[in-house]
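Okay, so here's the structure we're looking at.
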Amino acid sequence: MKSVLTAIALLLCALPVWAGDIVGKVVITRTLTKKRVVVDVYAPRGGAPATAASPQDLDEWGRTVVYVDAPMTGEPPSTVAQIGQRNRRFEKEVLVIPAGSSVSFPNGDPIFHNVFSLSKAKAFDLGYYPQGQTRTVRFEKPGPVQVFCHLHTNMSAAILVVPNQLFAQPTSDGAFRIPGVPPGKHLVRLWHRSAGFLQQEVEVPAEGSVNVSFNLPLATIKSVGP
């Protein structure tokens, strides 16, 4: 009897796990984010000329996330992501993490920083800390978290906490793929740091893929709240 049960268990493990892919493209027809004016590194307040925005400031797809709005299955992730602080800027402007993840904020500058957020999804204030130290925050609730520094008003970043591991950021041509999505109807949401949220409902097949497209600025898809 035991050998029969073992054989059945092995057979069940060998059965395919049905899942499909969500593939698509984010079409952005014009710049959505204003260029940031950055003061020269470590210059006294009010005493330095402004520098031009870096190429990173113009990457609209880098500010975009597409994800499946569904509850997480299994245990929350235990990974720790990172947003460093260097040259009086956050090294990553947009970070995407599943709910339950933590983020470390190491200070790589020879000056103090004070990282904080007043966002509804997660409010925190890490206090002043010097070069070589870090502070870590855990993010349990999905939603956008805008991050700033009390000491340097030009510093800003955003963390999008998504409900599960089913997310993707578009490539430089707007293409994206979310693999391994359980079959059935799902709400697919797009978030852009400046434009906010859009959403569409899709039917994911047990095998193969379904195509989704989003257009920014809003053309045919209605904007929705978080």
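Chain lettering (A, B, ...) mirrors the order of the structure tokens, residue numbering begins at 1 for each chain separately, and ligand numbering begins at 1 in order of display.
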Report task. Using DSSP on the backbone, list every residue of stretch 29-224 of chain A that comes out as strand (DSSP E), and give them as a PyMOL selection string. Result -> chain A and resi 38-39+50-51+64-68+80-82+85-86+89-90+94-98+101-104+115-118+123-125+136-139+143-149+156-162+167-168+175-181+184-192+196-204+209-216+223-224
Could you dump the residues just selected with C-alpha atoms as a PDB file, in the first residue's frame?
ATOM      1  CA  VAL A  38      20.157  68.940  -9.223  1.00  0.00           C
ATOM      2  CA  VAL A  39      22.543  71.112  -7.229  1.00  0.00           C
ATOM      3  CA  ALA A  50      22.278  73.957 -11.174  1.00  0.00           C
ATOM      4  CA  THR A  51      23.272  70.936 -13.231  1.00  0.00           C
ATOM      5  CA  THR A  64       6.725  52.165 -14.935  1.00  0.00           C
ATOM      6  CA  VAL A  65       5.626  48.868 -13.376  1.00  0.00           C
ATOM      7  CA  VAL A  66       3.065  46.327 -14.595  1.00  0.00           C
ATOM      8  CA  TYR A  67       1.746  43.771 -12.108  1.00  0.00           C
ATOM      9  CA  VAL A  68      -1.054  41.304 -11.417  1.00  0.00           C
ATOM     10  CA  VAL A  80      16.253  42.689   1.394  1.00  0.00           C
ATOM     11  CA  ALA A  81      16.453  45.137  -1.519  1.00  0.00           C
ATOM     12  CA  GLN A  82      18.582  48.280  -1.471  1.00  0.00           C
ATOM     13  CA  GLN A  85      22.513  57.217  -1.271  1.00  0.00           C
ATOM     14  CA  ARG A  86      25.460  58.589  -3.210  1.00  0.00           C
ATOM     15  CA  ARG A  89      20.942  61.291  -4.821  1.00  0.00           C
ATOM     16  CA  PHE A  90      19.124  58.001  -4.341  1.00  0.00           C
ATOM     17  CA  VAL A  94      12.037  53.427  -8.698  1.00  0.00           C
ATOM     18  CA  LEU A  95      12.197  50.117  -6.818  1.00  0.00           C
ATOM     19  CA  VAL A  96       9.586  47.334  -7.046  1.00  0.00           C
ATOM     20  CA  ILE A  97       9.217  44.812  -4.229  1.00  0.00           C
ATOM     21  CA  PRO A  98       6.596  42.233  -3.190  1.00  0.00           C
ATOM     22  CA  SER A 101      10.072  42.596   1.608  1.00  0.00           C
ATOM     23  CA  SER A 102      12.562  44.890   3.323  1.00  0.00           C
ATOM     24  CA  VAL A 103      14.666  47.715   1.909  1.00  0.00           C
ATOM     25  CA  SER A 104      18.058  48.886   3.159  1.00  0.00           C
ATOM     26  CA  VAL A 115      15.465  59.209   4.788  1.00  0.00           C
ATOM     27  CA  PHE A 116      11.725  59.470   5.371  1.00  0.00           C
ATOM     28  CA  SER A 117       8.280  58.917   3.847  1.00  0.00           C
ATOM     29  CA  LEU A 118       4.785  60.178   4.652  1.00  0.00           C
ATOM     30  CA  ALA A 123       5.309  56.109   6.737  1.00  0.00           C
ATOM     31  CA  PHE A 124       8.734  56.146   8.388  1.00  0.00           C
ATOM     32  CA  ASP A 125      11.586  58.426   9.460  1.00  0.00           C
ATOM     33  CA  THR A 136      16.279  48.959   7.009  1.00  0.00           C
ATOM     34  CA  VAL A 137      12.494  49.170   6.642  1.00  0.00           C
ATOM     35  CA  ARG A 138       9.989  46.332   6.101  1.00  0.00           C
ATOM     36  CA  PHE A 139       7.053  46.989   3.742  1.00  0.00           C
ATOM     37  CA  GLY A 143       1.003  50.628  -2.593  1.00  0.00           C
ATOM     38  CA  PRO A 144       3.359  53.413  -3.704  1.00  0.00           C
ATOM     39  CA  VAL A 145       5.799  54.841  -1.166  1.00  0.00           C
ATOM     40  CA  GLN A 146       7.432  58.191  -1.980  1.00  0.00           C
ATOM     41  CA  VAL A 147      10.852  58.540  -0.328  1.00  0.00           C
ATOM     42  CA  PHE A 148      12.721  61.790   0.448  1.00  0.00           C
ATOM     43  CA  CYS A 149      15.595  63.160   2.512  1.00  0.00           C
ATOM     44  CA  SER A 156      13.533  61.605  -4.113  1.00  0.00           C
ATOM     45  CA  ALA A 157      12.749  57.994  -4.975  1.00  0.00           C
ATOM     46  CA  ALA A 158       9.703  55.746  -5.091  1.00  0.00           C
ATOM     47  CA  ILE A 159       9.062  52.213  -3.898  1.00  0.00           C
ATOM     48  CA  LEU A 160       6.099  50.365  -5.368  1.00  0.00           C
ATOM     49  CA  VAL A 161       5.056  47.551  -3.056  1.00  0.00           C
ATOM     50  CA  VAL A 162       3.113  45.000  -5.122  1.00  0.00           C
ATOM     51  CA  PHE A 167       5.289  41.947 -11.879  1.00  0.00           C
ATOM     52  CA  ALA A 168       7.590  43.369 -14.526  1.00  0.00           C
ATOM     53  CA  ALA A 175       7.858  45.658 -23.906  1.00  0.00           C
ATOM     54  CA  PHE A 176       7.175  43.508 -20.825  1.00  0.00           C
ATOM     55  CA  ARG A 177       6.447  39.895 -19.868  1.00  0.00           C
ATOM     56  CA  ILE A 178       4.987  38.451 -16.656  1.00  0.00           C
ATOM     57  CA  PRO A 179       5.485  34.658 -16.724  1.00  0.00           C
ATOM     58  CA  GLY A 180       3.886  31.943 -14.629  1.00  0.00           C
ATOM     59  CA  VAL A 181       0.470  33.545 -14.078  1.00  0.00           C
ATOM     60  CA  GLY A 184      -8.259  32.668 -15.194  1.00  0.00           C
ATOM     61  CA  LYS A 185      -9.392  36.270 -14.987  1.00  0.00           C
ATOM     62  CA  HIS A 186      -6.910  38.712 -13.472  1.00  0.00           C
ATOM     63  CA  LEU A 187      -6.679  42.442 -12.937  1.00  0.00           C
ATOM     64  CA  VAL A 188      -3.489  43.782 -14.513  1.00  0.00           C
ATOM     65  CA  ARG A 189      -2.390  47.160 -13.224  1.00  0.00           C
ATOM     66  CA  LEU A 190       0.115  49.658 -14.542  1.00  0.00           C
ATOM     67  CA  TRP A 191       1.729  52.232 -12.273  1.00  0.00           C
ATOM     68  CA  HIS A 192       3.782  55.180 -13.469  1.00  0.00           C
ATOM     69  CA  GLY A 196      -0.471  57.040 -11.448  1.00  0.00           C
ATOM     70  CA  PHE A 197      -2.496  53.865 -12.000  1.00  0.00           C
ATOM     71  CA  LEU A 198      -4.240  52.254 -14.978  1.00  0.00           C
ATOM     72  CA  GLN A 199      -5.849  48.813 -15.061  1.00  0.00           C
ATOM     73  CA  GLN A 200      -7.273  46.176 -17.370  1.00  0.00           C
ATOM     74  CA  GLU A 201      -8.927  42.796 -16.803  1.00  0.00           C
ATOM     75  CA  VAL A 202      -7.489  39.894 -18.798  1.00  0.00           C
ATOM     76  CA  GLU A 203      -8.174  36.191 -19.214  1.00  0.00           C
ATOM     77  CA  VAL A 204      -4.936  34.230 -18.806  1.00  0.00           C
ATOM     78  CA  SER A 209       0.060  33.995 -23.392  1.00  0.00           C
ATOM     79  CA  VAL A 210      -2.344  36.901 -23.452  1.00  0.00           C
ATOM     80  CA  ASN A 211      -1.463  40.327 -24.828  1.00  0.00           C
ATOM     81  CA  VAL A 212      -2.056  43.591 -22.980  1.00  0.00           C
ATOM     82  CA  SER A 213      -1.228  47.134 -24.050  1.00  0.00           C
ATOM     83  CA  PHE A 214      -1.265  50.411 -22.141  1.00  0.00           C
ATOM     84  CA  ASN A 215      -1.066  53.922 -23.556  1.00  0.00           C
ATOM     85  CA  LEU A 216       0.372  56.946 -21.772  1.00  0.00           C
ATOM     86  CA  SER A 223      -7.207  56.213 -14.987  1.00  0.00           C
ATOM     87  CA  VAL A 224      -8.111  54.641 -11.665  1.00  0.00           C
TER      88      VAL A 224
END
**Report entry** For A:Pro183, the nearest of the candidates A:His150, A:Glu207, A:Pro217, A:Pro163, counting only C-alpha atoms
**Finding:** A:Glu207
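For the atom pair formed by atom CA of A:His152 and atom CA of A:Arg193, the distance is 20.1 Å, given to one decimal.
Nearest residue to A:Gly62 among A:His113, A:Ile22, A:Glu93, A:Pro205 is A:Glu93, counting only C-alpha atoms.
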Report task. Using only C-alpha atoms, determine which residues lie at most 10 Å from A:Asp173, disregarding the query and same-chain residues fewer than 2 positions distant; provide the list as a ChimeraX atom specification. Result -> /A:25-28,61,170-171,175-176
